[in-house]
file structure-v9.cif (mmCIF, C-alpha atoms)
data_final
#
loop_
_atom_site.label_atom_id
_atom_site.label_comp_id
_atom_site.auth_asym_id
_atom_site.auth_seq_id
_atom_site.Cartn_x
_atom_site.Cartn_y
_atom_site.Cartn_z
CA MET A 2 0.00 0.00 0.00
CA SER A 3 1.49 3.36 -1.01
CA ARG A 4 1.86 6.21 1.44
CA ALA A 5 -0.46 9.18 1.20
CA ALA A 6 0.75 12.11 -0.85
CA THR A 7 2.76 14.86 0.81
CA ARG A 8 0.51 17.45 2.46
CA VAL A 9 1.69 21.06 2.58
CA LEU A 10 0.41 23.30 5.39
CA ALA A 11 1.32 26.98 5.57
CA LEU A 12 1.31 28.48 9.06
CA ALA A 13 0.32 32.05 8.40
CA ASN A 14 -0.87 35.17 10.15
CA GLN A 15 0.24 38.65 9.12
CA LYS A 16 0.36 39.63 12.80
CA GLY A 17 3.59 38.86 14.64
CA GLY A 18 3.89 37.25 18.05
CA VAL A 19 0.92 34.92 17.71
CA GLY A 20 2.82 31.63 17.97
CA LYS A 21 3.41 30.71 14.31
CA THR A 22 7.00 29.56 14.79
CA THR A 23 6.31 27.89 18.13
CA THR A 24 3.43 26.00 16.53
CA ALA A 25 5.50 24.99 13.48
CA ILE A 26 8.28 23.60 15.67
CA ASN A 27 6.09 21.78 18.17
CA LEU A 28 3.38 20.56 15.82
CA GLY A 29 6.15 19.25 13.56
CA THR A 30 7.77 17.48 16.51
CA ALA A 31 4.48 15.96 17.65
CA LEU A 32 3.68 14.73 14.12
CA ALA A 33 7.15 13.19 13.82
CA ALA A 34 6.72 11.52 17.21
CA VAL A 35 3.73 9.54 15.91
CA GLY A 36 5.59 8.36 12.82
CA GLU A 37 5.04 11.09 10.21
CA ARG A 38 7.98 12.32 8.13
CA VAL A 39 7.95 16.08 8.59
CA LEU A 40 9.83 18.89 6.86
CA ILE A 41 9.66 22.43 8.24
CA ILE A 42 10.36 25.21 5.76
CA ASP A 43 11.61 28.36 7.51
CA LEU A 44 10.44 31.24 5.29
CA ASP A 45 10.92 33.94 7.92
CA PRO A 46 14.14 35.99 7.49
CA GLN A 47 14.46 36.07 11.29
CA GLY A 48 15.11 32.32 11.18
CA ASN A 49 13.52 31.62 14.54
CA ALA A 50 12.25 28.17 13.56
CA SER A 51 15.82 27.21 12.67
CA THR A 52 17.26 28.56 15.92
CA GLY A 53 14.44 27.01 17.93
CA LEU A 54 15.42 23.60 16.58
CA GLY A 55 19.08 24.13 17.41
CA ILE A 56 20.25 24.81 13.84
CA GLU A 57 23.06 27.36 14.00
CA GLN A 58 25.28 26.58 11.02
CA ARG A 59 23.31 27.12 7.81
CA GLN A 60 25.30 26.22 4.71
CA ARG A 61 22.25 26.50 2.46
CA SER A 62 18.92 28.11 3.14
CA THR A 63 15.44 28.74 1.84
CA PHE A 64 16.85 31.74 -0.02
CA ASP A 65 19.17 29.42 -1.98
CA VAL A 66 16.19 27.17 -2.74
CA LEU A 67 14.01 30.04 -3.96
CA THR A 68 16.77 31.46 -6.15
CA GLY A 69 17.57 28.08 -7.69
CA ASP A 70 21.03 27.74 -6.15
CA ALA A 71 20.04 24.63 -4.17
CA THR A 72 17.27 22.05 -4.09
CA ILE A 73 15.22 21.37 -0.98
CA ILE A 74 17.01 18.04 -0.57
CA GLU A 75 20.38 19.79 -0.71
CA ALA A 76 19.32 22.47 1.77
CA LYS A 77 17.39 20.47 4.35
CA VAL A 78 19.04 19.65 7.67
CA ALA A 79 18.21 16.85 10.12
CA THR A 80 17.18 17.92 13.62
CA HIS A 81 17.53 16.19 16.99
CA VAL A 82 14.00 14.88 16.47
CA PRO A 83 13.81 11.63 14.44
CA ARG A 84 11.87 12.06 11.17
CA LEU A 85 11.90 15.87 11.49
CA SER A 86 14.02 17.99 9.11
CA ILE A 87 14.15 21.69 8.37
CA VAL A 88 15.23 23.93 5.53
CA PRO A 89 16.70 26.80 7.57
CA ALA A 90 16.36 30.51 6.89
CA THR A 91 18.93 33.29 6.81
CA ILE A 92 18.63 37.06 6.69
CA ASP A 93 19.22 36.82 2.91
CA LEU A 94 15.48 36.12 2.56
CA MET A 95 14.86 39.82 3.08
CA SER A 96 16.20 40.46 -0.43
CA PHE A 97 14.02 37.84 -2.14
CA GLU A 98 11.33 40.28 -3.23
CA ARG A 99 13.94 42.55 -4.81
CA GLU A 100 15.73 39.60 -6.41
CA ALA A 101 12.51 38.23 -7.89
CA GLY A 102 11.63 41.63 -9.36
CA ASN A 103 9.05 41.39 -12.11
CA ALA A 104 10.02 37.89 -13.16
CA SER A 105 7.21 35.75 -14.50
CA GLY A 106 6.20 32.93 -12.19
CA LYS A 107 7.67 34.60 -9.10
CA HIS A 108 4.65 33.56 -7.01
CA TYR A 109 5.26 29.91 -7.90
CA ARG A 110 8.96 29.58 -7.12
CA PHE A 111 8.38 27.57 -3.98
CA ARG A 112 5.61 25.43 -5.46
CA ASP A 113 8.00 24.36 -8.22
CA CYS A 114 10.73 23.56 -5.67
CA LEU A 115 8.32 21.36 -3.72
CA ALA A 116 7.29 19.57 -6.91
CA GLU A 117 10.96 18.64 -7.46
CA LEU A 118 11.14 17.29 -3.91
CA THR A 119 8.10 15.05 -4.16
CA ALA A 120 9.17 13.80 -7.59
CA SER A 121 12.59 12.77 -6.27
CA GLU A 122 11.54 11.03 -3.04
CA SER A 123 10.92 7.29 -2.94
CA VAL A 124 7.55 6.07 -1.67
CA ASP A 125 9.07 4.66 1.53
CA GLU A 126 10.96 7.86 2.34
CA ARG A 127 8.32 10.34 1.26
CA THR A 128 7.77 13.43 3.39
CA THR A 129 4.20 13.24 4.68
CA TYR A 130 3.90 16.79 6.03
CA VAL A 131 5.58 20.02 4.94
CA LEU A 132 4.99 22.84 7.42
CA ILE A 133 5.84 26.32 6.12
CA ASP A 134 6.63 28.92 8.79
CA CYS A 135 5.62 32.17 7.09
CA PRO A 136 6.89 35.64 7.97
CA PRO A 137 4.53 37.98 9.87
CA SER A 138 3.44 39.90 6.77
CA LEU A 139 1.58 39.28 3.52
CA ASN A 140 4.66 39.71 1.32
CA LEU A 141 6.01 37.72 -1.63
CA LEU A 142 7.41 35.02 0.66
CA THR A 143 3.99 34.43 2.23
CA LEU A 144 2.35 34.49 -1.20
CA ASN A 145 4.82 31.81 -2.36
CA ALA A 146 3.87 29.69 0.65
CA LEU A 147 0.14 30.09 0.02
CA ALA A 148 0.54 29.36 -3.69
CA ALA A 149 2.29 26.09 -2.80
CA ALA A 150 0.14 24.97 0.14
CA ASP A 151 -2.77 22.59 0.27
CA ALA A 152 -4.15 24.41 3.30
CA VAL A 153 -3.50 27.18 5.81
CA LEU A 154 -3.16 26.63 9.54
CA VAL A 155 -3.75 29.91 11.37
CA PRO A 156 -2.29 30.44 14.88
CA LEU A 157 -4.39 33.09 16.63
CA GLN A 158 -3.43 34.67 19.93
CA CYS A 159 -6.15 35.01 22.56
CA GLU A 160 -6.13 38.80 22.61
CA PHE A 161 -8.50 41.69 22.04
CA PHE A 162 -7.75 42.35 18.35
CA ALA A 163 -7.58 38.68 17.31
CA LEU A 164 -10.63 38.68 15.05
CA GLU A 165 -9.69 41.94 13.37
CA GLY A 166 -6.45 40.55 11.95
CA LEU A 167 -8.06 37.22 11.14
CA ALA A 168 -10.60 38.84 8.82
CA GLN A 169 -7.80 40.32 6.70
CA LEU A 170 -5.99 36.99 6.50
CA LEU A 171 -9.13 35.09 5.49
CA SER A 172 -9.75 37.66 2.77
CA THR A 173 -6.18 37.20 1.50
CA VAL A 174 -6.52 33.41 1.50
CA GLU A 175 -9.68 33.70 -0.60
CA GLU A 176 -7.92 36.04 -3.02
CA ILE A 177 -5.00 33.61 -3.36
CA ARG A 178 -7.43 30.75 -3.92
CA VAL A 179 -9.02 32.65 -6.80
CA ARG A 180 -5.84 34.06 -8.35
CA LEU A 181 -3.03 31.59 -7.65
CA ASN A 182 -4.07 28.34 -5.99
CA PRO A 183 -7.61 26.96 -6.45
CA LYS A 184 -7.00 24.04 -4.04
CA LEU A 185 -6.12 26.29 -1.09
CA ARG A 186 -8.36 25.99 1.95
CA ILE A 187 -8.33 26.86 5.64
CA HIS A 188 -7.22 23.75 7.51
CA GLY A 189 -7.99 25.27 10.89
CA VAL A 190 -7.44 28.02 13.41
CA VAL A 191 -5.50 27.20 16.57
CA LEU A 192 -5.96 29.50 19.55
CA THR A 193 -2.63 30.18 21.26
CA MET A 194 -1.38 31.82 24.46
CA TYR A 195 -4.62 31.06 26.27
CA ASP A 196 -4.55 32.32 29.86
CA GLN A 197 -7.17 30.60 31.97
CA ARG A 198 -6.81 33.29 34.64
CA THR A 199 -8.34 36.00 32.45
CA SER A 200 -11.91 36.40 31.25
CA LEU A 201 -10.54 38.01 28.05
CA SER A 202 -9.05 34.71 26.86
CA ASP A 203 -12.39 32.97 27.41
CA GLN A 204 -14.19 35.73 25.53
CA VAL A 205 -11.81 35.51 22.55
CA VAL A 206 -12.24 31.73 22.39
CA GLU A 207 -16.01 32.14 22.48
CA ASP A 208 -16.02 34.87 19.82
CA VAL A 209 -13.72 33.03 17.41
CA ARG A 210 -15.70 29.80 17.72
CA ALA A 211 -18.94 31.72 17.14
CA VAL A 212 -17.56 33.20 13.91
CA LEU A 213 -15.62 30.24 12.50
CA GLY A 214 -17.31 27.22 14.07
CA GLU A 215 -15.68 23.91 13.19
CA LYS A 216 -12.73 25.65 11.52
CA VAL A 217 -11.37 26.25 15.04
CA TYR A 218 -9.46 23.31 16.49
CA THR A 219 -10.78 21.94 19.77
CA THR A 220 -7.25 22.09 21.19
CA VAL A 221 -6.24 25.41 22.75
CA ILE A 222 -2.54 26.11 23.38
CA PRO A 223 -2.04 27.54 26.88
CA ARG A 224 0.33 30.32 27.84
CA ASN A 225 3.13 28.25 29.38
CA VAL A 226 6.56 29.28 30.62
CA ARG A 227 8.18 26.03 29.43
CA VAL A 228 7.00 26.72 25.87
CA ALA A 229 8.57 30.18 26.08
CA GLU A 230 11.86 28.85 27.48
CA SER A 231 12.45 25.96 25.09
CA PRO A 232 13.61 27.93 21.99
CA SER A 233 16.52 29.43 23.92
CA HIS A 234 17.71 25.85 24.47
CA GLY A 235 17.35 24.99 20.78
CA LYS A 236 14.70 22.39 21.56
CA PRO A 237 11.00 21.87 20.90
CA VAL A 238 9.05 22.00 24.15
CA LEU A 239 8.25 18.30 23.73
CA LEU A 240 11.96 17.54 24.21
CA TYR A 241 12.49 20.28 26.78
CA ASP A 242 9.61 19.28 29.07
CA TYR A 243 7.37 16.55 27.72
CA LYS A 244 4.97 16.62 30.66
CA CYS A 245 4.18 20.34 30.70
CA SER A 246 0.77 21.61 29.61
CA GLY A 247 2.19 23.14 26.41
CA SER A 248 3.68 19.84 25.25
CA GLN A 249 0.47 17.96 25.91
CA ALA A 250 -1.53 20.57 24.01
CA TYR A 251 0.68 20.23 20.91
CA ILE A 252 0.33 16.45 21.04
CA GLN A 253 -3.45 16.91 21.06
CA LEU A 254 -3.22 19.40 18.19
CA ALA A 255 -1.22 16.89 16.11
CA SER A 256 -3.95 14.31 16.68
CA GLU A 257 -6.55 16.80 15.48
CA VAL A 258 -4.54 17.69 12.39
CA ILE A 259 -4.16 14.01 11.48
CA GLU A 260 -7.87 13.38 12.04
CA ARG A 261 -8.83 16.32 9.82
CA GLU A 262 -6.48 15.02 7.15
CA ARG A 263 -8.22 11.64 7.27
CA ARG A 264 -11.57 13.33 6.78
CA ILE A 265 -10.23 15.45 3.90
CA ARG A 266 -8.84 12.38 2.12
CA ALA A 267 -12.11 10.47 2.65
CA ALA A 268 -14.25 13.32 1.27
#

call {"tool": "encode", "arguments": {"input": "structure-v9.cif", "output": "structure tokens"}}
result
Amino acid sequence: MSRAATRVLALANQKGGVGKTTTAINLGTALAAVGERVLIIDLDPQGNASTGLGIEQRQRSTFDVLTGDATIIEAKVATHVPRLSIVPATIDLMSFEREAGNASGKHYRFRDCLAELTASESVDERTTYVLIDCPPSLNLLTLNALAAADAVLVPLQCEFFALEGLAQLLSTVEEIRVRLNPKLRIHGVVLTMYDQRTSLSDQVVEDVRAVLGEKVYTTVIPRNVRVAESPSHGKPVLLYDYKCSGSQAYIQLASEVIERERRIRAA
């Protein structure tokens, strides 16, 4: 029986500080822990996903991949987590928009790179999930991610202006679906940095669920000091402190993602 095709999920939100990178790292780790082969693509020039997984030396990067100087296979680096790899980012990514200029097909650079990857992998070694950590803006890098993705996973911080920013992102996703990528869909919204001590967090959860319904994952990621500490140690929180509430939440989120994928494939 052949493995399912590679699924590409873009983690996107034009607002910074909502937990995109933390979710990419820890969801990727949790998926790998249950046997999936996961590749994280760091598309943020800050490179926090790379640093958070302990990748300091970056011979080749996502910039090299996008400019055609390296393939994904040549640029990807193994992490301390079995079955989890990453294509790291460098500050060079900041010049990608200028480098791409008015070139035709500039929105599809990354999609074409991914097509090369899936064509070259054997069935037994096939990457099952690609998670793209997008920058906190709707720039050409994010557009490349959305043009290549099967679906968008939206981390959303439990704060007052959460829904305001979400409306803009959903509008952008719909525009990309019409203009660049007809298969693109919202995979789900994950509520992050939930603080059970505040009524505001409960109100945000209630409001987002009222607006988006089943698009919102059941799992809510709590505000947790161990999650905040783990990147400075170059480790996912699941390796840093497996038993903490943050780790357990990301394990639950991975289960939800896999279950949604089963339903999508069965539809």

call {"tool": "atom_distance", "arguments": {"input": "structure-v9.cif", "atom1": "atom CA of A:Leu85", "atom2": "atom CA of A:Ala33"}}
result
5.9 Å

call {"tool": "residues_around", "arguments": {"input": "structure-v9.cif", "residues": "A:Cys245", "least_positions_apart": "6", "cutoff": "9 Å", "atoms": "all atoms listed in the file", "output": "PyMOL selection string"}}
result
chain A and resi 225+227-228+238-239

call {"tool": "write_last_selection", "arguments": {"input": "structure-v9.cif", "atoms": "C-alpha atoms", "output": "JSON list (two decimals), keeping the file's coordinate frame"}}
result
[["chain", "number", "residue", "atom", "x", "y", "z"],
["A", 225, "ASN", "CA", 3.13, 28.25, 29.38],
["A", 227, "ARG", "CA", 8.18, 26.03, 29.43],
["A", 228, "VAL", "CA", 7.00, 26.72, 25.87],
["A", 238, "VAL", "CA", 9.05, 22.00, 24.15],
["A", 239, "LEU", "CA", 8.25, 18.30, 23.73]]

call {"tool": "resolve_selection", "arguments": {"input": "structure-v9.cif", "expression": "the PyMOL selection byres ((chain A and resi 62-72) around 8)", "output": "ChimeraX atom specification"}}
result
/A:42-44,59-61,73-77,88-91,93-94,97,110-111,114,117-118

call {"tool": "write_last_selection", "arguments": {"input": "structure-v9.cif", "atoms": "C-alpha atoms", "output": "short mmCIF file (atom, residue, chain, number, x, y, z; two decimals), keeping the file's coordinate frame"}}
result
data_model
loop_
_atom_site.label_atom_id
_atom_site.label_comp_id
_atom_site.auth_asym_id
_atom_site.auth_seq_id
_atom_site.Cartn_x
_atom_site.Cartn_y
_atom_site.Cartn_z
CA ILE A 42 10.36 25.21 5.76
CA ASP A 43 11.61 28.36 7.51
CA LEU A 44 10.44 31.24 5.29
CA ARG A 59 23.31 27.12 7.81
CA GLN A 60 25.30 26.22 4.71
CA ARG A 61 22.25 26.50 2.46
CA ILE A 73 15.22 21.37 -0.98
CA ILE A 74 17.01 18.04 -0.57
CA GLU A 75 20.38 19.79 -0.71
CA ALA A 76 19.32 22.47 1.77
CA LYS A 77 17.39 20.47 4.35
CA VAL A 88 15.23 23.93 5.53
CA PRO A 89 16.70 26.80 7.57
CA ALA A 90 16.36 30.51 6.89
CA THR A 91 18.93 33.29 6.81
CA ASP A 93 19.22 36.82 2.91
CA LEU A 94 15.48 36.12 2.56
CA PHE A 97 14.02 37.84 -2.14
CA ARG A 110 8.96 29.58 -7.12
CA PHE A 111 8.38 27.57 -3.98
CA CYS A 114 10.73 23.56 -5.67
CA GLU A 117 10.96 18.64 -7.46
CA LEU A 118 11.14 17.29 -3.91
#

call {"tool": "residues_around", "arguments": {"input": "structure-v9.cif", "residues": "A:Thr193", "least_positions_apart": "5", "cutoff": "9 Å", "atoms": "only C-alpha atoms", "output": "MDAnalysis selection string"}}
result
chainID A and resid 19:20 24 156:159 221:224

call {"tool": "axis_aligned_box", "arguments": {"input": "structure-v9.cif", "around": "stretch 158-174 of chain A", "padding_each_side": "6 Å", "output": "JSON"}}
result
{"center_x": -7.0, "center_y": 37.9, "center_z": 12.1, "size_x": 19.2, "size_y": 20.9, "size_z": 33.1}

call {"tool": "resolve_selection", "arguments": {"input": "structure-v9.cif", "expression": "the PyMOL selection byres ((chain A and resi 134) around 12)", "output": "compact mmCIF listing (two decimals) with C-alpha atoms, in the coordinates of the input"}}
result
# COMPACT_ATOMS: atom_id res chain seq x y z
CA VAL A 9 1.69 21.06 2.58
CA LEU A 10 0.41 23.30 5.39
CA ALA A 11 1.32 26.98 5.57
CA LEU A 12 1.31 28.48 9.06
CA ALA A 13 0.32 32.05 8.40
CA ASN A 14 -0.87 35.17 10.15
CA GLN A 15 0.24 38.65 9.12
CA GLY A 17 3.59 38.86 14.64
CA GLY A 20 2.82 31.63 17.97
CA LYS A 21 3.41 30.71 14.31
CA THR A 22 7.00 29.56 14.79
CA THR A 23 6.31 27.89 18.13
CA THR A 24 3.43 26.00 16.53
CA ALA A 25 5.50 24.99 13.48
CA ILE A 26 8.28 23.60 15.67
CA ASN A 27 6.09 21.78 18.17
CA LEU A 28 3.38 20.56 15.82
CA GLY A 29 6.15 19.25 13.56
CA LEU A 40 9.83 18.89 6.86
CA ILE A 41 9.66 22.43 8.24
CA ILE A 42 10.36 25.21 5.76
CA ASP A 43 11.61 28.36 7.51
CA LEU A 44 10.44 31.24 5.29
CA ASP A 45 10.92 33.94 7.92
CA PRO A 46 14.14 35.99 7.49
CA GLN A 47 14.46 36.07 11.29
CA GLY A 48 15.11 32.32 11.18
CA ASN A 49 13.52 31.62 14.54
CA ALA A 50 12.25 28.17 13.56
CA SER A 51 15.82 27.21 12.67
CA THR A 63 15.44 28.74 1.84
CA ILE A 87 14.15 21.69 8.37
CA VAL A 88 15.23 23.93 5.53
CA PRO A 89 16.70 26.80 7.57
CA ALA A 90 16.36 30.51 6.89
CA VAL A 131 5.58 20.02 4.94
CA LEU A 132 4.99 22.84 7.42
CA ILE A 133 5.84 26.32 6.12
CA CYS A 135 5.62 32.17 7.09
CA PRO A 136 6.89 35.64 7.97
CA PRO A 137 4.53 37.98 9.87
CA SER A 138 3.44 39.90 6.77
CA LEU A 142 7.41 35.02 0.66
CA THR A 143 3.99 34.43 2.23
CA ASN A 145 4.82 31.81 -2.36
CA ALA A 146 3.87 29.69 0.65
CA LEU A 147 0.14 30.09 0.02
CA ALA A 150 0.14 24.97 0.14
CA VAL A 153 -3.50 27.18 5.81
CA LEU A 154 -3.16 26.63 9.54
CA VAL A 155 -3.75 29.91 11.37
CA PRO A 156 -2.29 30.44 14.88

call {"tool": "atom_distance", "arguments": {"input": "structure-v9.cif", "atom1": "atom CA of A:Ala101", "atom2": "atom CA of A:Leu141"}}
result
9.0 Å

call {"tool": "closest_residue", "arguments": {"input": "structure-v9.cif", "among": "A:Ser246, A:Leu213, A:Asn182, A:Met194", "to": "A:Leu167", "atoms": "only C-alpha atoms"}}
result
A:Leu213

call {"tool": "atom_distance", "arguments": {"input": "structure-v9.cif", "atom1": "atom CA of A:Arg264", "atom2": "atom CA of A:Glu176"}}
result
25.0 Å

call {"tool": "residues_around", "arguments": {"input": "structure-v9.cif", "residues": "A:Val174", "least_positions_apart": "6", "cutoff": "8 Å", "atoms": "all atoms listed in the file", "output": "PyMOL selection string"}}
result
chain A and resi 147+185-187

call {"tool": "residues_around", "arguments": {"input": "structure-v9.cif", "residues": "A:Tyr241", "least_positions_apart": "5", "cutoff": "10 Å", "atoms": "all atoms listed in the file", "output": "ChimeraX atom specification"}}
result
/A:227-228,230-232,234-236,248
